[in-house]
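Here the structure is laid out as structure tokens; the discussion comes afterwards.
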Amino acid sequence: MQMLHIVNKSPLDRNALDSALRMAKPGSTILLIEDGIYAVTKGNKAEGAIREAMKTVTVSALWPDLEARGMQDTVIDGVKQVDYSGFVDLVAESSSVMSWL
């Protein structure tokens, strides 16, 4: 099992995403929630880093947070969208969880 990295801050506000990307080992999962979902939208400043990360880690975004912000149709191809049940599954399947604040 691998680590789950949870990022809830916008890449425009904090460097939490950069830290998570730097520390994520191959096979890990990065889950974007709350304002973190802006990192997985097409055309944002983090798009290149997200696309590069997807070569070695799984990148997921919480669907209800995408929908609440009207961003569900702008998600980068290859990003997995999960609901709350999927969020719980990711936590249960991971050997450890790190929340990046």
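Ligands are numbered from 1 in the order shown, residues from 1 within each chain, and chains are lettered A, B, ... in the order they appear in the structure tokens.
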
Glu52 in chain A surroundings by only C-alpha atoms, 10 Å radius, close-in-sequence under 5 positions cut, as a ChimeraX atom specification | /A:21,47,57

Written file, previous selection with N, CA and C atoms, as a short mmCIF file (atom, residue, chain, number, x, y, z; two decimals), in the first residue's frame:
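Below is the file part-v2.cif, written as the result:
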data_model
loop_
_atom_site.label_atom_id
_atom_site.label_comp_id
_atom_site.auth_asym_id
_atom_site.auth_seq_id
_atom_site.Cartn_x
_atom_site.Cartn_y
_atom_site.Cartn_z
N LEU A 21 3.54 17.08 -4.20
CA LEU A 21 4.10 16.53 -5.43
C LEU A 21 5.56 16.14 -5.24
N GLU A 47 -1.22 22.98 -13.97
CA GLU A 47 -1.56 21.92 -14.92
C GLU A 47 -0.34 21.11 -15.36
N VAL A 57 2.16 8.87 -10.21
CA VAL A 57 1.19 8.80 -9.10
C VAL A 57 -0.22 8.94 -9.65
#

Please identify all polymer residues within 10 Å of Asp73 in chain A, counting only C-alpha atoms, omitting same-chain residues fewer than 3 positions from it, and present them as a compact mmCIF listing (two decimals) with N, CA and C atoms, in the first residue's frame.
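Output below, filename out_21.txt:
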# COMPACT_ATOMS: atom_id res chain seq x y z
N THR A 41 -7.72 21.62 -12.84
CA THR A 41 -8.52 22.19 -13.91
C THR A 41 -7.62 22.64 -15.06
N LYS A 42 -8.12 22.48 -16.26
CA LYS A 42 -7.36 22.84 -17.46
C LYS A 42 -7.04 24.33 -17.46
N LEU A 66 -15.61 19.69 -6.90
CA LEU A 66 -15.58 20.17 -8.29
C LEU A 66 -16.94 20.74 -8.67
N GLU A 67 -17.98 19.99 -8.36
CA GLU A 67 -19.34 20.40 -8.72
C GLU A 67 -19.75 21.68 -7.99
N GLY A 70 -18.43 24.54 -9.77
CA GLY A 70 -18.73 24.60 -11.19
C GLY A 70 -17.57 24.22 -12.08
N ILE A 76 -8.64 18.11 -15.94
CA ILE A 76 -7.58 17.57 -16.79
C ILE A 76 -7.86 16.09 -17.05

Original post:
Do you know which residues are at most 12 Å from range 54-56 of chain A counting only C-alpha atoms, after dropping those on the same chain fewer than 3 positions away, and could you put them as a PyMOL selection string?
Top reply: chain A and resi 21-22+24-31+40+47-51+59-60+76-80

Prev. selection, N, CA, C and O atoms, output as a CSV table (one decimal), in the first residue's frame:
chain,number,residue,atom,x,y,z
A,21,LEU,N,3.5,17.1,-4.2
A,21,LEU,CA,4.1,16.5,-5.4
A,21,LEU,C,5.6,16.1,-5.2
A,21,LEU,O,6.0,15.1,-5.7
A,22,ARG,N,6.3,16.9,-4.5
A,22,ARG,CA,7.7,16.7,-4.3
A,22,ARG,C,7.9,15.4,-3.4
A,22,ARG,O,8.8,14.6,-3.6
A,24,ALA,N,5.6,12.9,-2.9
A,24,ALA,CA,4.8,11.7,-3.3
A,24,ALA,C,5.8,10.7,-4.0
A,24,ALA,O,6.4,11.0,-5.0
A,25,LYS,N,5.7,9.5,-3.6
A,25,LYS,CA,6.5,8.4,-4.2
A,25,LYS,C,5.7,7.7,-5.3
A,25,LYS,O,4.5,7.7,-5.2
A,26,PRO,N,6.4,7.1,-6.3
A,26,PRO,CA,5.6,6.4,-7.3
A,26,PRO,C,4.6,5.4,-6.7
A,26,PRO,O,4.9,4.7,-5.7
A,27,GLY,N,3.4,5.4,-7.2
A,27,GLY,CA,2.4,4.5,-6.7
A,27,GLY,C,1.5,5.2,-5.7
A,27,GLY,O,0.4,4.6,-5.4
A,28,SER,N,1.8,6.3,-5.2
A,28,SER,CA,1.0,7.0,-4.2
A,28,SER,C,-0.2,7.7,-4.9
A,28,SER,O,-0.2,7.8,-6.2
A,29,THR,N,-1.1,8.2,-4.1
A,29,THR,CA,-2.2,9.0,-4.6
A,29,THR,C,-2.2,10.4,-4.1
A,29,THR,O,-2.0,10.5,-2.9
A,30,ILE,N,-2.5,11.4,-4.9
A,30,ILE,CA,-2.7,12.7,-4.4
A,30,ILE,C,-4.2,13.0,-4.7
A,30,ILE,O,-4.7,12.9,-5.8
A,31,LEU,N,-4.9,13.4,-3.6
A,31,LEU,CA,-6.3,13.7,-3.6
A,31,LEU,C,-6.5,15.2,-3.4
A,31,LEU,O,-6.1,15.7,-2.4
A,40,VAL,N,-6.4,20.8,-10.6
A,40,VAL,CA,-6.7,19.8,-11.6
A,40,VAL,C,-7.6,20.3,-12.7
A,40,VAL,O,-8.2,19.5,-13.5
A,47,GLU,N,-1.2,23.0,-14.0
A,47,GLU,CA,-1.6,21.9,-14.9
A,47,GLU,C,-0.3,21.1,-15.4
A,47,GLU,O,-0.4,19.9,-15.4
A,48,GLY,N,0.7,21.8,-15.7
A,48,GLY,CA,2.0,21.1,-16.1
A,48,GLY,C,2.5,20.1,-15.1
A,48,GLY,O,2.9,19.0,-15.3
A,49,ALA,N,2.5,20.6,-13.8
A,49,ALA,CA,3.0,19.8,-12.7
A,49,ALA,C,2.1,18.6,-12.5
A,49,ALA,O,2.5,17.5,-12.2
A,50,ILE,N,0.8,18.8,-12.6
A,50,ILE,CA,-0.2,17.7,-12.4
A,50,ILE,C,0.0,16.7,-13.5
A,50,ILE,O,0.1,15.5,-13.2
A,51,ARG,N,0.1,17.1,-14.7
A,51,ARG,CA,0.3,16.2,-15.9
A,51,ARG,C,1.6,15.4,-15.7
A,51,ARG,O,1.7,14.2,-15.9
A,59,VAL,N,-3.7,10.8,-9.5
A,59,VAL,CA,-4.2,12.1,-9.1
A,59,VAL,C,-5.7,12.0,-9.1
A,59,VAL,O,-6.3,11.7,-10.1
A,60,SER,N,-6.3,12.3,-8.0
A,60,SER,CA,-7.8,12.3,-7.9
A,60,SER,C,-8.3,13.6,-7.3
A,60,SER,O,-7.6,14.4,-6.7
A,76,ILE,N,-8.6,18.1,-15.9
A,76,ILE,CA,-7.6,17.6,-16.8
A,76,ILE,C,-7.9,16.1,-17.1
A,76,ILE,O,-8.2,15.3,-16.1
A,77,ASP,N,-7.7,15.7,-18.3
A,77,ASP,CA,-7.9,14.3,-18.7
A,77,ASP,C,-6.9,13.4,-17.8
A,77,ASP,O,-5.8,13.7,-17.7
A,78,GLY,N,-7.5,12.3,-17.3
A,78,GLY,CA,-6.7,11.4,-16.6
A,78,GLY,C,-6.8,11.5,-15.1
A,78,GLY,O,-6.4,10.6,-14.3
A,79,VAL,N,-7.4,12.6,-14.6
A,79,VAL,CA,-7.6,12.8,-13.2
A,79,VAL,C,-8.9,12.0,-12.8
A,79,VAL,O,-9.9,12.1,-13.4
A,80,LYS,N,-8.7,11.2,-11.8
A,80,LYS,CA,-9.9,10.4,-11.3
A,80,LYS,C,-10.8,11.3,-10.4
A,80,LYS,O,-10.3,12.0,-9.6

Exercise. By how many Å are CA of Gly36 in chain A and CA of Ile6 in chain A apart?
Worked result: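 Separation of CA of Gly36 in chain A and CA of Ile6 in chain A: 8.8 Å.
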
Note to self: So that I can check the secondary structure, give me every residue of chain A assigned alpha helix (DSSP H) by backbone DSSP, as number ranges by chain.
What the structure shows: A: 16-23, 47-53, 63-68, 84-93

Given the selection you just returned, output its residues as a file containing N, CA and C atoms, formatted as a tab-separated table (two decimals), in the first residue's frame.
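Final output, selection.tsv:
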chain	number	residue	atom	x	y	z
A	16	ALA	N	1.20	24.00	-0.76
A	16	ALA	CA	0.89	22.64	-0.29
A	16	ALA	C	0.97	21.63	-1.43
A	17	LEU	N	0.46	21.98	-2.59
A	17	LEU	CA	0.50	21.07	-3.72
A	17	LEU	C	1.94	20.79	-4.12
A	18	ASP	N	2.75	21.82	-4.22
A	18	ASP	CA	4.16	21.62	-4.57
A	18	ASP	C	4.84	20.68	-3.59
A	19	SER	N	4.57	20.85	-2.31
A	19	SER	CA	5.16	19.97	-1.30
A	19	SER	C	4.69	18.53	-1.46
A	20	ALA	N	3.40	18.35	-1.70
A	20	ALA	CA	2.85	17.00	-1.87
A	20	ALA	C	3.44	16.34	-3.11
A	21	LEU	N	3.54	17.08	-4.20
A	21	LEU	CA	4.10	16.53	-5.43
A	21	LEU	C	5.56	16.14	-5.24
A	22	ARG	N	6.30	16.94	-4.52
A	22	ARG	CA	7.71	16.67	-4.28
A	22	ARG	C	7.92	15.42	-3.42
A	23	MET	N	7.02	15.19	-2.46
A	23	MET	CA	7.18	14.09	-1.52
A	23	MET	C	6.49	12.79	-1.95
A	47	GLU	N	-1.22	22.98	-13.97
A	47	GLU	CA	-1.56	21.92	-14.92
A	47	GLU	C	-0.34	21.11	-15.36
A	48	GLY	N	0.75	21.77	-15.69
A	48	GLY	CA	1.96	21.06	-16.13
A	48	GLY	C	2.49	20.13	-15.05
A	49	ALA	N	2.51	20.60	-13.82
A	49	ALA	CA	3.00	19.78	-12.71
A	49	ALA	C	2.08	18.59	-12.46
A	50	ILE	N	0.78	18.80	-12.59
A	50	ILE	CA	-0.18	17.70	-12.41
A	50	ILE	C	0.01	16.67	-13.50
A	51	ARG	N	0.12	17.10	-14.74
A	51	ARG	CA	0.32	16.17	-15.86
A	51	ARG	C	1.61	15.36	-15.68
A	52	GLU	N	2.66	16.01	-15.24
A	52	GLU	CA	3.93	15.31	-15.01
A	52	GLU	C	3.78	14.31	-13.87
A	53	ALA	N	3.11	14.69	-12.80
A	53	ALA	CA	2.92	13.81	-11.64
A	53	ALA	C	2.14	12.56	-12.02
A	63	TRP	N	-15.28	14.87	-6.37
A	63	TRP	CA	-16.35	15.31	-7.27
A	63	TRP	C	-17.26	16.36	-6.65
A	64	PRO	N	-17.76	16.19	-5.42
A	64	PRO	CA	-18.66	17.21	-4.86
A	64	PRO	C	-18.01	18.60	-4.78
A	65	ASP	N	-16.69	18.66	-4.55
A	65	ASP	CA	-16.01	19.95	-4.50
A	65	ASP	C	-15.86	20.54	-5.90
A	66	LEU	N	-15.61	19.69	-6.90
A	66	LEU	CA	-15.58	20.17	-8.29
A	66	LEU	C	-16.94	20.74	-8.67
A	67	GLU	N	-17.98	19.99	-8.36
A	67	GLU	CA	-19.34	20.40	-8.72
A	67	GLU	C	-19.75	21.68	-7.99
A	68	ALA	N	-19.42	21.78	-6.72
A	68	ALA	CA	-19.79	22.96	-5.93
A	68	ALA	C	-19.18	24.24	-6.49
A	84	TYR	N	-17.68	10.90	-2.02
A	84	TYR	CA	-17.28	10.73	-0.63
A	84	TYR	C	-16.96	9.28	-0.30
A	85	SER	N	-17.71	8.36	-0.88
A	85	SER	CA	-17.44	6.94	-0.67
A	85	SER	C	-16.07	6.57	-1.22
A	86	GLY	N	-15.73	7.12	-2.38
A	86	GLY	CA	-14.41	6.89	-2.96
A	86	GLY	C	-13.30	7.48	-2.12
A	87	PHE	N	-13.57	8.62	-1.50
A	87	PHE	CA	-12.62	9.26	-0.57
A	87	PHE	C	-12.33	8.30	0.58
A	88	VAL	N	-13.38	7.75	1.16
A	88	VAL	CA	-13.22	6.80	2.26
A	88	VAL	C	-12.43	5.58	1.80
A	89	ASP	N	-12.73	5.08	0.62
A	89	ASP	CA	-12.00	3.93	0.08
A	89	ASP	C	-10.51	4.24	-0.06
A	90	LEU	N	-10.18	5.43	-0.56
A	90	LEU	CA	-8.77	5.81	-0.70
A	90	LEU	C	-8.06	5.81	0.65
A	91	VAL	N	-8.72	6.34	1.66
A	91	VAL	CA	-8.13	6.36	3.00
A	91	VAL	C	-7.92	4.94	3.51
A	92	ALA	N	-8.95	4.10	3.36
A	92	ALA	CA	-8.88	2.72	3.87
A	92	ALA	C	-7.82	1.89	3.14
A	93	GLU	N	-7.60	2.17	1.87
A	93	GLU	CA	-6.64	1.40	1.07
A	93	GLU	C	-5.20	1.87	1.23

Test item: residues at most 9 Å from Lys9 in chain A, only C-alpha atoms, excluding those fewer than 6 positions along its chain, as a VMD selection string
chain A and resid 15 to 17 32 to 38 100 to 101

What separates CA of Met98 in chain A and CA of Val7 in chain A is a distance of 8.7 Å

How many Å separate CA of His5 in chain A from CA of Lys45 in chain A?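 That distance, rounded to one decimal, is 19.7 Å.
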